[in-house]
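Colleague: Have a peek at data-v3.txt (compact mmCIF, C-alpha atoms).
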# COMPACT_ATOMS: atom_id res chain seq x y z
CA MET A 1 159.90 78.30 116.56
CA GLY A 2 162.16 81.24 117.44
CA ARG A 3 165.92 81.05 117.38
CA CYS A 4 166.07 81.03 121.16
CA ASP A 5 163.50 78.22 121.37
CA ALA A 6 165.67 76.21 118.98
CA ALA A 7 168.74 76.85 121.13
CA LEU A 8 167.08 75.54 124.30
CA THR A 9 165.74 72.07 125.03
CA ARG A 10 162.35 72.04 126.74
CA LEU A 11 161.93 68.98 128.96
CA ALA A 12 158.77 66.89 128.81
CA ASP A 13 157.55 67.90 132.27
CA GLU A 14 158.49 71.56 131.89
CA PRO A 15 155.59 74.02 131.78
CA PRO A 16 155.25 76.16 128.65
CA GLY A 17 156.91 79.56 128.66
CA ARG A 18 154.81 82.53 129.64
CA ALA A 19 153.41 84.79 126.94
CA ASP A 20 154.24 87.77 129.17
CA PRO A 21 157.73 87.01 130.53
CA SER A 22 159.14 89.26 133.19
CA SER A 23 161.43 92.02 132.03
CA LEU A 24 165.13 91.67 132.72
CA PRO A 25 166.51 93.26 135.87
CA THR A 26 167.98 96.72 135.55
CA PRO A 27 171.75 96.38 134.92
CA ASP A 28 173.68 96.78 138.15
CA PRO A 29 177.35 97.79 137.76
CA ARG A 30 178.00 96.43 141.24
CA LEU A 31 177.87 92.90 139.80
CA HIS A 32 181.29 91.36 139.09
CA ILE A 33 181.34 88.37 136.71
CA LEU A 34 184.43 86.18 136.48
CA PHE A 35 184.43 83.52 133.76
CA VAL A 36 186.54 80.40 134.34
CA PRO A 37 187.29 78.59 131.06
CA GLY A 38 187.59 74.86 130.52
CA ALA A 39 190.37 72.41 129.77
CA PHE A 40 192.95 73.50 127.19
CA GLY A 41 191.34 76.94 127.11
CA GLU A 42 194.65 78.80 127.00
CA CYS A 43 195.72 76.63 124.05
CA PHE A 44 193.08 78.14 121.76
CA LYS A 45 193.53 81.86 122.19
CA GLU A 46 191.50 82.49 119.04
CA ALA A 47 188.46 80.94 120.73
CA THR A 48 187.87 82.93 123.91
CA PRO A 49 184.93 81.48 125.86
CA PHE A 50 181.73 83.51 126.14
CA PRO A 51 182.86 86.27 123.71
CA ALA A 52 179.35 87.58 123.09
CA ALA A 53 178.45 87.36 126.76
CA MET A 54 181.47 89.38 127.78
CA GLN A 55 180.76 92.02 125.16
CA HIS A 56 177.10 92.19 126.14
CA PHE A 57 177.70 92.48 129.89
CA SER A 58 180.54 94.95 129.47
CA ALA A 59 178.23 97.16 127.41
CA LEU A 60 175.71 97.03 130.26
CA GLY A 61 178.32 98.27 132.71
CA TYR A 62 179.13 95.05 134.55
CA SER A 63 182.68 94.23 135.61
CA VAL A 64 183.53 91.23 133.43
CA ARG A 65 186.74 89.30 132.85
CA VAL A 66 188.14 85.84 132.20
CA VAL A 67 190.29 84.21 134.87
CA GLY A 68 193.58 83.07 133.37
CA VAL A 69 193.82 79.43 134.43
CA SER A 70 196.23 76.82 133.13
CA GLY A 71 194.70 74.83 130.29
CA ARG A 72 196.55 71.60 131.06
CA SER A 73 196.88 71.70 134.84
CA SER A 74 194.86 70.09 137.62
CA SER A 75 191.88 71.75 139.27
CA ALA A 76 193.90 72.07 142.49
CA HIS A 77 196.55 74.05 140.58
CA ASN A 78 193.96 76.28 138.92
CA ALA A 79 192.20 76.91 142.23
CA ALA A 80 195.21 78.98 143.27
CA GLN A 81 194.90 81.06 140.10
CA ILE A 82 191.21 81.67 140.80
CA ALA A 83 192.07 82.67 144.36
CA LYS A 84 194.64 85.15 143.07
CA ALA A 85 192.11 86.65 140.64
CA ILE A 86 189.45 87.03 143.32
CA SER A 87 191.93 88.54 145.76
CA ALA A 88 192.82 91.13 143.13
CA GLU A 89 189.17 92.01 142.42
CA THR A 90 188.09 95.27 144.02
CA ILE A 91 184.77 94.43 145.68
CA ALA A 92 183.14 97.29 147.54
CA THR A 93 180.36 97.00 150.10
CA GLY A 94 177.18 96.03 148.25
CA ASP A 95 179.01 94.52 145.28
CA LYS A 96 178.35 90.93 144.26
CA LEU A 97 180.71 88.44 142.65
CA VAL A 98 179.52 85.62 140.39
CA LEU A 99 181.80 82.85 139.15
CA VAL A 100 180.73 81.33 135.83
CA GLY A 101 182.49 78.07 135.07
CA TYR A 102 182.52 76.25 131.75
CA SER A 103 183.35 72.54 131.58
CA LYS A 104 186.48 71.90 133.72
CA GLY A 105 186.18 75.46 134.99
CA VAL A 106 183.53 74.16 137.40
CA PRO A 107 185.80 71.61 139.17
CA ASP A 108 188.44 74.35 139.28
CA ILE A 109 185.92 76.58 141.09
CA PHE A 110 185.01 73.74 143.47
CA GLU A 111 188.67 73.27 144.40
CA PHE A 112 188.94 77.00 145.01
CA LEU A 113 185.88 77.00 147.30
CA ALA A 114 187.30 74.09 149.29
CA GLY A 115 190.89 75.27 149.43
CA TYR A 116 190.48 78.99 150.12
CA PRO A 117 187.69 79.37 152.70
CA GLU A 118 188.91 82.85 153.63
CA LEU A 119 187.91 84.08 150.15
CA VAL A 120 184.56 82.29 149.90
CA PRO A 121 182.60 85.17 151.56
CA ARG A 122 183.49 87.29 148.51
CA VAL A 123 181.52 84.91 146.24
CA ASN A 124 177.75 85.28 145.95
CA ALA A 125 176.98 82.68 143.30
CA VAL A 126 178.44 80.01 141.04
CA VAL A 127 176.96 79.23 137.62
CA SER A 128 177.90 76.00 135.84
CA ILE A 129 177.70 76.01 132.03
CA ALA A 130 178.01 72.42 130.76
CA GLY A 131 180.19 71.83 133.79
CA ALA A 132 182.21 68.67 134.27
CA VAL A 133 180.76 68.41 137.77
CA ASN A 134 180.93 64.62 138.02
CA GLY A 135 183.71 64.38 135.47
CA SER A 136 183.44 62.68 132.08
CA PRO A 137 183.86 59.03 131.06
CA ILE A 138 185.88 60.37 128.13
CA ALA A 139 188.59 61.56 130.52
CA ASP A 140 188.67 58.18 132.29
CA ALA A 141 188.98 56.38 128.96
CA TYR A 142 191.83 58.48 127.57
CA ALA A 143 193.78 59.57 130.66
CA SER A 144 196.50 56.99 130.03
CA LEU A 145 196.86 58.08 126.42
CA TYR A 146 197.13 61.73 127.39
CA ALA A 147 199.77 60.81 129.99
CA LEU A 148 202.18 60.14 127.12
CA VAL A 149 202.24 63.85 126.25
CA SER A 150 201.15 65.42 129.53
CA GLY A 151 204.63 66.65 130.41
CA ILE A 152 205.45 68.12 127.00
CA ASP A 153 205.11 71.85 126.39
CA LEU A 154 203.33 72.61 123.14
CA LYS A 155 203.41 75.87 121.21
CA GLY A 156 201.22 78.33 123.11
CA CYS A 157 200.09 75.53 125.40
CA ALA A 158 202.29 74.89 128.42
CA ALA A 159 202.19 71.46 130.05
CA GLY A 160 201.35 72.87 133.48
CA ASP A 161 201.29 70.19 136.15
CA GLY A 162 199.82 67.69 133.68
CA GLY A 163 196.73 66.99 135.78
CA VAL A 164 194.01 68.18 133.43
CA MET A 165 192.65 64.74 132.48
CA SER A 166 192.79 63.37 136.02
CA SER A 167 190.78 66.36 137.25
CA LEU A 168 188.18 65.65 134.55
CA SER A 169 187.86 61.95 135.35
CA ARG A 170 184.86 60.52 137.16
CA ARG A 171 187.16 58.42 139.32
CA GLN A 172 188.52 61.64 140.82
CA ARG A 173 185.50 63.94 140.70
CA LEU A 174 182.94 61.62 142.29
CA PRO A 175 185.03 60.79 145.41
CA TRP A 176 185.88 64.48 145.71
CA LEU A 177 182.21 65.45 145.75
CA ALA A 178 181.47 62.70 148.26
CA THR A 179 184.05 64.06 150.70
CA HIS A 180 183.68 67.82 150.22
CA LYS A 181 180.64 69.90 151.08
CA LEU A 182 180.19 73.02 149.01
CA PRO A 183 179.89 76.24 151.07
CA THR A 184 176.27 76.93 152.00
CA GLY A 185 176.63 80.69 151.81
CA VAL A 186 177.01 80.55 148.01
CA ARG A 187 174.10 80.14 145.58
CA TYR A 188 174.53 77.53 142.84
CA PHE A 189 172.98 77.37 139.37
CA SER A 190 173.42 74.88 136.53
CA VAL A 191 172.93 75.12 132.77
CA GLY A 192 173.29 71.76 131.06
CA SER A 193 173.56 70.79 127.42
CA PHE A 194 172.86 67.86 125.14
CA VAL A 195 172.32 67.52 121.42
CA ARG A 196 171.36 65.03 118.74
CA ALA A 197 174.20 63.21 116.95
CA GLU A 198 173.43 64.88 113.62
CA GLU A 199 173.80 68.31 115.23
CA THR A 200 177.20 67.61 116.78
CA ALA A 201 180.46 69.02 115.45
CA ARG A 202 182.39 66.60 113.20
CA LEU A 203 185.40 66.60 115.51
CA MET A 204 183.23 65.26 118.33
CA ASP A 205 181.54 62.46 116.36
CA PHE A 206 183.65 59.77 118.05
CA THR A 207 183.23 60.99 121.62
CA LYS A 208 179.53 61.65 121.04
CA SER A 209 179.09 58.08 119.82
CA SER A 210 181.15 56.66 122.70
CA LEU A 211 179.13 58.49 125.35
CA SER A 212 175.84 57.61 123.65
CA ARG A 213 176.43 53.92 124.30
CA ALA A 214 176.00 54.76 128.00
CA GLU A 215 173.61 57.72 127.73
CA PRO A 216 172.28 59.34 124.52
CA LEU A 217 171.64 62.65 126.29
CA ASN A 218 175.15 64.08 126.09
CA ASP A 219 176.86 67.02 124.43
CA GLY A 220 179.76 65.09 122.96
CA GLN A 221 181.96 65.52 126.04
CA THR A 222 179.76 65.20 129.14
CA ILE A 223 176.53 63.40 130.06
CA PHE A 224 173.57 65.56 130.99
CA TYR A 225 173.32 64.40 134.62
CA ASP A 226 177.06 64.85 135.17
CA GLN A 227 176.73 68.59 134.48
CA LEU A 228 174.58 69.54 137.46
CA ILE A 229 175.95 70.97 140.70
CA PRO A 230 174.42 69.06 143.65
CA GLY A 231 171.65 71.11 145.24
CA SER A 232 171.80 73.78 142.53
CA THR A 233 168.94 75.45 140.70
CA LEU A 234 168.61 73.98 137.22
CA LEU A 235 168.22 76.85 134.79
CA GLY A 236 167.72 74.75 131.67
CA TYR A 237 169.43 72.69 128.98
CA ALA A 238 171.02 74.16 125.88
CA ASN A 239 170.43 72.43 122.57
CA GLY A 240 174.06 72.44 121.49
CA ASP A 241 177.24 70.43 121.69
CA HIS A 242 179.92 71.05 124.30
CA TRP A 243 181.70 73.65 122.19
CA ALA A 244 178.79 75.31 120.45
CA ILE A 245 177.21 76.88 123.52
CA VAL A 246 180.37 78.69 124.60
CA LEU A 247 183.17 78.71 122.02
CA PRO A 248 182.99 80.37 118.57
CA LEU A 249 185.04 77.60 116.97
CA GLN A 250 182.94 77.67 113.80
CA ASP A 251 184.61 80.96 112.97
CA LYS A 252 188.05 79.30 113.01
CA TRP A 253 187.39 75.66 112.19
CA ALA A 254 184.90 75.97 109.35
CA TYR A 255 184.94 72.21 108.64
CA TRP A 256 185.59 70.41 111.92
CA ALA A 257 183.29 72.51 114.11
CA ARG A 258 180.31 71.99 111.82
CA THR A 259 178.02 68.97 111.43
CA GLU A 260 178.41 66.27 108.79
CA GLN A 261 175.74 68.14 106.83
CA GLY A 262 177.85 71.31 107.08
CA ARG A 263 175.44 73.09 109.42
CA ASP A 264 176.65 75.62 111.94
CA THR A 265 176.41 74.02 115.39
CA ARG A 266 176.53 77.15 117.50
CA ALA A 267 173.59 77.84 119.80
CA THR A 268 172.89 81.42 118.71
CA CYS A 269 170.93 82.14 121.87
CA PHE A 270 174.14 81.75 123.83
CA LEU A 271 176.79 83.13 121.51
CA LYS A 272 175.41 85.78 119.19
CA PRO A 273 175.91 89.22 120.76
CA SER A 274 172.37 90.44 120.10
CA PHE A 275 170.82 87.34 121.64
CA PHE A 276 172.92 86.35 124.62
CA THR A 277 172.39 86.98 128.28
CA LEU A 278 173.10 84.90 131.35
CA ALA A 279 170.41 82.79 132.95
CA LYS A 280 168.00 85.05 134.84
CA LEU A 281 165.97 84.21 137.91
CA CYS A 282 162.26 84.88 137.62
CA ALA A 283 159.64 84.91 140.37
CA LYS A 284 156.90 83.79 137.98
CA GLU A 285 155.22 80.47 137.24
CA ARG A 286 158.43 79.11 135.78
CA LYS A 287 160.93 79.68 138.56
CA VAL A 288 163.96 80.10 136.33
CA TRP A 289 164.63 80.45 132.65
CA ILE A 290 167.27 81.47 130.18
CA THR A 291 166.46 84.73 128.49
CA CYS A 292 167.56 85.88 125.05
CA VAL A 293 168.04 89.59 124.45
CA ARG A 294 166.72 90.69 121.08
Give the structure from this file in structure tokens form.
Modeller:
Amino acid sequence: MGRCDAALTRLADEPPGRADPSSLPTPDPRLHILFVPGAFGECFKEATPFPAAMQHFSALGYSVRVVGVSGRSSSAHNAAQIAKAISAETIATGDKLVLVGYSKGVPDIFEFLAGYPELVPRVNAVVSIAGAVNGSPIADAYASLYALVSGIDLKGCAAGDGGVMSSLSRRQRLPWLATHKLPTGVRYFSVGSFVRAEETARLMDFTKSSLSRAEPLNDGQTIFYDQLIPGSTLLGYANGDHWAIVLPLQDKWAYWARTEQGRDTRATCFLKPSFFTLAKLCAKERKVWITCVR
């Protein structure tokens, strides 16, 4: 099994991969990619999301950057920051803009799409990577505990409006989705993730176990069916925990970001510079897949 096969989970009803996969599209510098990080992202400046992806796409000539959203604020608050970033992006005729959201970055994008309709025509597609689309039971369970410190500024981690956990809760996300229709002029894609308990980072053992009592197919923070944008194209599921597929925490937290057996949890297909590329659409037998660049 190749490293990319190990990094992806093939579902039981999924057809086998083609022996002659289509070649990747020719890089188009007219494509703008804006990454929207997850909760508490600004609090861990040493763990920038998608580092290999950004390096890879920049080398190919794409316009790539991370939107600076508040790590501890609500999705409504962060929507304004996304709007400001998109307004500042120079998009010429023929250019395309893709928003890639990780975890809470996806609800932040949703709030932007709903709250700033005048900017929606600038967006061609939204990609969810382990997105907290429906929220997470973990947020519902610990929102009251977080409320005790929600208004306190921490070193390098401002309190913001304190709404991060509420925006991640299922009790807020599900009613929001029920009352808001996503713009039809935007294309939506989802990449999910789930992993076995023994392959989960030590620091997520408790949340992995808690979620598994409801649904074993989770990534330690979100359940697999809560990660999918309604009506989106499912690109696949990563075999990695919620951090491993996006954040290089193993480089900084050598103990806590590894498994109990000390194994590296990162999904190399997603993080290692020589292997990562975004999900690619293919007009072959398998409609979509995630491609690894050798």
Colleague: Could you produce a table of the residues of segment 89-152 of chain A lying within 6 Å of segment 167-186 of chain A, with the nearest pair of atoms per residue and their separation in Å rounded to one decimal, using only C-alpha atoms, ordered by chain and increasing residue number, as JSON lines?
Modeller:
{"residue": "A:Asn124", "atom": "CA", "partner": "A:Val186", "partner_atom": "CA", "distance": 5.2}
{"residue": "A:Ala125", "atom": "CA", "partner": "A:Val186", "partner_atom": "CA", "distance": 5.2}
{"residue": "A:Asn134", "atom": "CA", "partner": "A:Arg173", "partner_atom": "CA", "distance": 5.3}
{"residue": "A:Gly135", "atom": "CA", "partner": "A:Arg170", "partner_atom": "CA", "distance": 4.4}
{"residue": "A:Ser136", "atom": "CA", "partner": "A:Ser169", "partner_atom": "CA", "distance": 5.5}
{"residue": "A:Ala139", "atom": "CA", "partner": "A:Ser169", "partner_atom": "CA", "distance": 4.9}
{"residue": "A:Asp140", "atom": "CA", "partner": "A:Ser169", "partner_atom": "CA", "distance": 4.9}
Colleague: Neighbours of Val120 of chain A within 12 Å (only C-alpha atoms; same-chain residues fewer than 3 positions away dropped), as a PDB file with C-alpha atoms, keeping the file's coordinate frame?
Modeller:
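New file around21.pdb:
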ATOM      1  CA  ILE A  82     191.210  81.670 140.800  1.00  0.00           C
ATOM      2  CA  ALA A  83     192.070  82.670 144.360  1.00  0.00           C
ATOM      3  CA  ILE A  86     189.450  87.030 143.320  1.00  0.00           C
ATOM      4  CA  SER A  87     191.930  88.540 145.760  1.00  0.00           C
ATOM      5  CA  LEU A  97     180.710  88.440 142.650  1.00  0.00           C
ATOM      6  CA  VAL A  98     179.520  85.620 140.390  1.00  0.00           C
ATOM      7  CA  LEU A  99     181.800  82.850 139.150  1.00  0.00           C
ATOM      8  CA  ILE A 109     185.920  76.580 141.090  1.00  0.00           C
ATOM      9  CA  PHE A 110     185.010  73.740 143.470  1.00  0.00           C
ATOM     10  CA  GLU A 111     188.670  73.270 144.400  1.00  0.00           C
ATOM     11  CA  PHE A 112     188.940  77.000 145.010  1.00  0.00           C
ATOM     12  CA  LEU A 113     185.880  77.000 147.300  1.00  0.00           C
ATOM     13  CA  ALA A 114     187.300  74.090 149.290  1.00  0.00           C
ATOM     14  CA  GLY A 115     190.890  75.270 149.430  1.00  0.00           C
ATOM     15  CA  TYR A 116     190.480  78.990 150.120  1.00  0.00           C
ATOM     16  CA  PRO A 117     187.690  79.370 152.700  1.00  0.00           C
ATOM     17  CA  VAL A 123     181.520  84.910 146.240  1.00  0.00           C
ATOM     18  CA  ASN A 124     177.750  85.280 145.950  1.00  0.00           C
ATOM     19  CA  ALA A 125     176.980  82.680 143.300  1.00  0.00           C
ATOM     20  CA  VAL A 126     178.440  80.010 141.040  1.00  0.00           C
ATOM     21  CA  LEU A 182     180.190  73.020 149.010  1.00  0.00           C
ATOM     22  CA  PRO A 183     179.890  76.240 151.070  1.00  0.00           C
ATOM     23  CA  THR A 184     176.270  76.930 152.000  1.00  0.00           C
ATOM     24  CA  GLY A 185     176.630  80.690 151.810  1.00  0.00           C
ATOM     25  CA  VAL A 186     177.010  80.550 148.010  1.00  0.00           C
ATOM     26  CA  ARG A 187     174.100  80.140 145.580  1.00  0.00           C
TER      27      ARG A 187
END
Colleague: Please check which residues have atoms at most 10 Å from (183.5, 67.1, 118.8) in the file's coordinates, counting only C-alpha atoms, and write them as a PDB file with C-alpha atoms, in the frame of the given file.
Modeller:
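Result file follows (part07.pdb):
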ATOM      1  CA  THR A 200     177.200  67.610 116.780  1.00  0.00           C
ATOM      2  CA  ALA A 201     180.460  69.020 115.450  1.00  0.00           C
ATOM      3  CA  ARG A 202     182.390  66.600 113.200  1.00  0.00           C
ATOM      4  CA  LEU A 203     185.400  66.600 115.510  1.00  0.00           C
ATOM      5  CA  MET A 204     183.230  65.260 118.330  1.00  0.00           C
ATOM      6  CA  ASP A 205     181.540  62.460 116.360  1.00  0.00           C
ATOM      7  CA  PHE A 206     183.650  59.770 118.050  1.00  0.00           C
ATOM      8  CA  THR A 207     183.230  60.990 121.620  1.00  0.00           C
ATOM      9  CA  LYS A 208     179.530  61.650 121.040  1.00  0.00           C
ATOM     10  CA  ASP A 219     176.860  67.020 124.430  1.00  0.00           C
ATOM     11  CA  GLY A 220     179.760  65.090 122.960  1.00  0.00           C
ATOM     12  CA  GLN A 221     181.960  65.520 126.040  1.00  0.00           C
ATOM     13  CA  ASP A 241     177.240  70.430 121.690  1.00  0.00           C
ATOM     14  CA  HIS A 242     179.920  71.050 124.300  1.00  0.00           C
ATOM     15  CA  TRP A 243     181.700  73.650 122.190  1.00  0.00           C
ATOM     16  CA  ALA A 244     178.790  75.310 120.450  1.00  0.00           C
ATOM     17  CA  TRP A 256     185.590  70.410 111.920  1.00  0.00           C
ATOM     18  CA  ALA A 257     183.290  72.510 114.110  1.00  0.00           C
ATOM     19  CA  ARG A 258     180.310  71.990 111.820  1.00  0.00           C
ATOM     20  CA  THR A 259     178.020  68.970 111.430  1.00  0.00           C
TER      21      THR A 259
END
Colleague: Tell me which of A:Ala12, A:Ile223, A:Val106, A:Leu235 sits closest to Gly131 of chain A, counting all atoms listed in the file.
Modeller: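 Ranking A:Ala12, A:Ile223, A:Val106, A:Leu235 by distance to Gly131 of chain A, first place goes to A:Val106.
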Colleague: For a quick check of understanding, using only C-alpha atoms, which of A:Ile229, A:Val164, A:Val149, A:Leu34 has the smallest distance to Val133 of chain A?
Modeller: A:Ile229
Colleague: Identify, on the basis of all atoms listed in the file, every residue whose closest approach to Leu217 of chain A does not exceed 7 Å; exclude the query and any residue fewer than 4 positions from it along the same chain; express the result as a PyMOL selection string.
Modeller: chain A and resi 194-195+223-224
Colleague: Let me make sure I understand: among A:Lys155, A:Pro15, A:Gly236, A:Phe57, which one has the smallest atom-to-atom distance to Lys45 of chain A if we use only C-alpha atoms?
Modeller: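 Of A:Lys155, A:Pro15, A:Gly236, A:Phe57, the one nearest Lys45 of chain A, counting only C-alpha atoms, is A:Lys155.
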Colleague: When you get a chance, write out N, CA and C atoms for segment 85-113 of chain A, as a PDB file, in the frame of the given file.
Modeller:
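Now in part-v9.pdb:
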ATOM      1  N   ALA A  85     192.968  85.731 141.392  1.00  0.00           N
ATOM      2  CA  ALA A  85     192.110  86.650 140.640  1.00  0.00           C
ATOM      3  C   ALA A  85     191.062  87.290 141.534  1.00  0.00           C
ATOM      4  N   ILE A  86     190.479  86.505 142.430  1.00  0.00           N
ATOM      5  CA  ILE A  86     189.450  87.030 143.320  1.00  0.00           C
ATOM      6  C   ILE A  86     190.059  87.987 144.348  1.00  0.00           C
ATOM      7  N   SER A  87     191.245  87.657 144.817  1.00  0.00           N
ATOM      8  CA  SER A  87     191.930  88.540 145.760  1.00  0.00           C
ATOM      9  C   SER A  87     192.217  89.893 145.127  1.00  0.00           C
ATOM     10  N   ALA A  88     192.477  89.883 143.823  1.00  0.00           N
ATOM     11  CA  ALA A  88     192.820  91.130 143.130  1.00  0.00           C
ATOM     12  C   ALA A  88     191.586  91.931 142.718  1.00  0.00           C
ATOM     13  N   GLU A  89     190.407  91.325 142.822  1.00  0.00           N
ATOM     14  CA  GLU A  89     189.170  92.010 142.420  1.00  0.00           C
ATOM     15  C   GLU A  89     188.771  93.017 143.492  1.00  0.00           C
ATOM     16  N   THR A  90     188.533  94.238 143.079  1.00  0.00           N
ATOM     17  CA  THR A  90     188.090  95.270 144.020  1.00  0.00           C
ATOM     18  C   THR A  90     186.585  95.141 144.217  1.00  0.00           C
ATOM     19  N   ILE A  91     186.186  94.670 145.387  1.00  0.00           N
ATOM     20  CA  ILE A  91     184.770  94.430 145.680  1.00  0.00           C
ATOM     21  C   ILE A  91     184.368  95.327 146.839  1.00  0.00           C
ATOM     22  N   ALA A  92     183.591  96.335 146.522  1.00  0.00           N
ATOM     23  CA  ALA A  92     183.140  97.290 147.540  1.00  0.00           C
ATOM     24  C   ALA A  92     181.923  96.747 148.263  1.00  0.00           C
ATOM     25  N   THR A  93     181.560  97.384 149.356  1.00  0.00           N
ATOM     26  CA  THR A  93     180.360  97.000 150.100  1.00  0.00           C
ATOM     27  C   THR A  93     179.142  97.105 149.175  1.00  0.00           C
ATOM     28  N   GLY A  94     178.353  96.047 149.118  1.00  0.00           N
ATOM     29  CA  GLY A  94     177.180  96.030 148.250  1.00  0.00           C
ATOM     30  C   GLY A  94     177.423  95.402 146.903  1.00  0.00           C
ATOM     31  N   ASP A  95     178.701  95.192 146.542  1.00  0.00           N
ATOM     32  CA  ASP A  95     179.010  94.520 145.280  1.00  0.00           C
ATOM     33  C   ASP A  95     178.764  93.018 145.410  1.00  0.00           C
ATOM     34  N   LYS A  96     178.549  92.370 144.280  1.00  0.00           N
ATOM     35  CA  LYS A  96     178.350  90.930 144.260  1.00  0.00           C
ATOM     36  C   LYS A  96     179.262  90.307 143.220  1.00  0.00           C
ATOM     37  N   LEU A  97     179.799  89.145 143.551  1.00  0.00           N
ATOM     38  CA  LEU A  97     180.710  88.440 142.650  1.00  0.00           C
ATOM     39  C   LEU A  97     180.097  87.105 142.244  1.00  0.00           C
ATOM     40  N   VAL A  98     180.037  86.863 140.931  1.00  0.00           N
ATOM     41  CA  VAL A  98     179.520  85.620 140.390  1.00  0.00           C
ATOM     42  C   VAL A  98     180.625  84.929 139.604  1.00  0.00           C
ATOM     43  N   LEU A  99     180.849  83.661 139.898  1.00  0.00           N
ATOM     44  CA  LEU A  99     181.800  82.850 139.150  1.00  0.00           C
ATOM     45  C   LEU A  99     181.033  81.996 138.150  1.00  0.00           C
ATOM     46  N   VAL A 100     181.379  82.113 136.885  1.00  0.00           N
ATOM     47  CA  VAL A 100     180.730  81.330 135.830  1.00  0.00           C
ATOM     48  C   VAL A 100     181.758  80.361 135.279  1.00  0.00           C
ATOM     49  N   GLY A 101     181.541  79.081 135.517  1.00  0.00           N
ATOM     50  CA  GLY A 101     182.490  78.070 135.070  1.00  0.00           C
ATOM     51  C   GLY A 101     181.971  77.297 133.880  1.00  0.00           C
ATOM     52  N   TYR A 102     182.849  77.066 132.931  1.00  0.00           N
ATOM     53  CA  TYR A 102     182.520  76.250 131.750  1.00  0.00           C
ATOM     54  C   TYR A 102     183.345  74.974 131.791  1.00  0.00           C
ATOM     55  N   SER A 103     182.691  73.831 131.664  1.00  0.00           N
ATOM     56  CA  SER A 103     183.350  72.540 131.580  1.00  0.00           C
ATOM     57  C   SER A 103     184.261  72.301 132.789  1.00  0.00           C
ATOM     58  N   LYS A 104     185.580  72.135 132.589  1.00  0.00           N
ATOM     59  CA  LYS A 104     186.480  71.900 133.720  1.00  0.00           C
ATOM     60  C   LYS A 104     186.600  73.126 134.617  1.00  0.00           C
ATOM     61  N   GLY A 105     186.158  74.277 134.142  1.00  0.00           N
ATOM     62  CA  GLY A 105     186.180  75.460 134.990  1.00  0.00           C
ATOM     63  C   GLY A 105     185.363  75.270 136.254  1.00  0.00           C
ATOM     64  N   VAL A 106     184.361  74.388 136.214  1.00  0.00           N
ATOM     65  CA  VAL A 106     183.530  74.160 137.400  1.00  0.00           C
ATOM     66  C   VAL A 106     184.304  73.381 138.471  1.00  0.00           C
ATOM     67  N   PRO A 107     184.948  72.244 138.151  1.00  0.00           N
ATOM     68  CA  PRO A 107     185.800  71.610 139.170  1.00  0.00           C
ATOM     69  C   PRO A 107     186.899  72.536 139.689  1.00  0.00           C
ATOM     70  N   ASP A 108     187.434  73.382 138.827  1.00  0.00           N
ATOM     71  CA  ASP A 108     188.440  74.350 139.280  1.00  0.00           C
ATOM     72  C   ASP A 108     187.840  75.266 140.348  1.00  0.00           C
ATOM     73  N   ILE A 109     186.609  75.714 140.109  1.00  0.00           N
ATOM     74  CA  ILE A 109     185.920  76.580 141.090  1.00  0.00           C
ATOM     75  C   ILE A 109     185.676  75.811 142.384  1.00  0.00           C
ATOM     76  N   PHE A 110     185.253  74.554 142.269  1.00  0.00           N
ATOM     77  CA  PHE A 110     185.010  73.740 143.470  1.00  0.00           C
ATOM     78  C   PHE A 110     186.284  73.646 144.317  1.00  0.00           C
ATOM     79  N   GLU A 111     187.407  73.388 143.663  1.00  0.00           N
ATOM     80  CA  GLU A 111     188.670  73.270 144.400  1.00  0.00           C
ATOM     81  C   GLU A 111     189.033  74.596 145.061  1.00  0.00           C
ATOM     82  N   PHE A 112     188.715  75.685 144.402  1.00  0.00           N
ATOM     83  CA  PHE A 112     188.940  77.000 145.010  1.00  0.00           C
ATOM     84  C   PHE A 112     188.072  77.169 146.260  1.00  0.00           C
ATOM     85  N   LEU A 113     186.794  76.842 146.158  1.00  0.00           N
ATOM     86  CA  LEU A 113     185.880  77.000 147.300  1.00  0.00           C
ATOM     87  C   LEU A 113     186.330  76.166 148.492  1.00  0.00           C
TER      88      LEU A 113
END
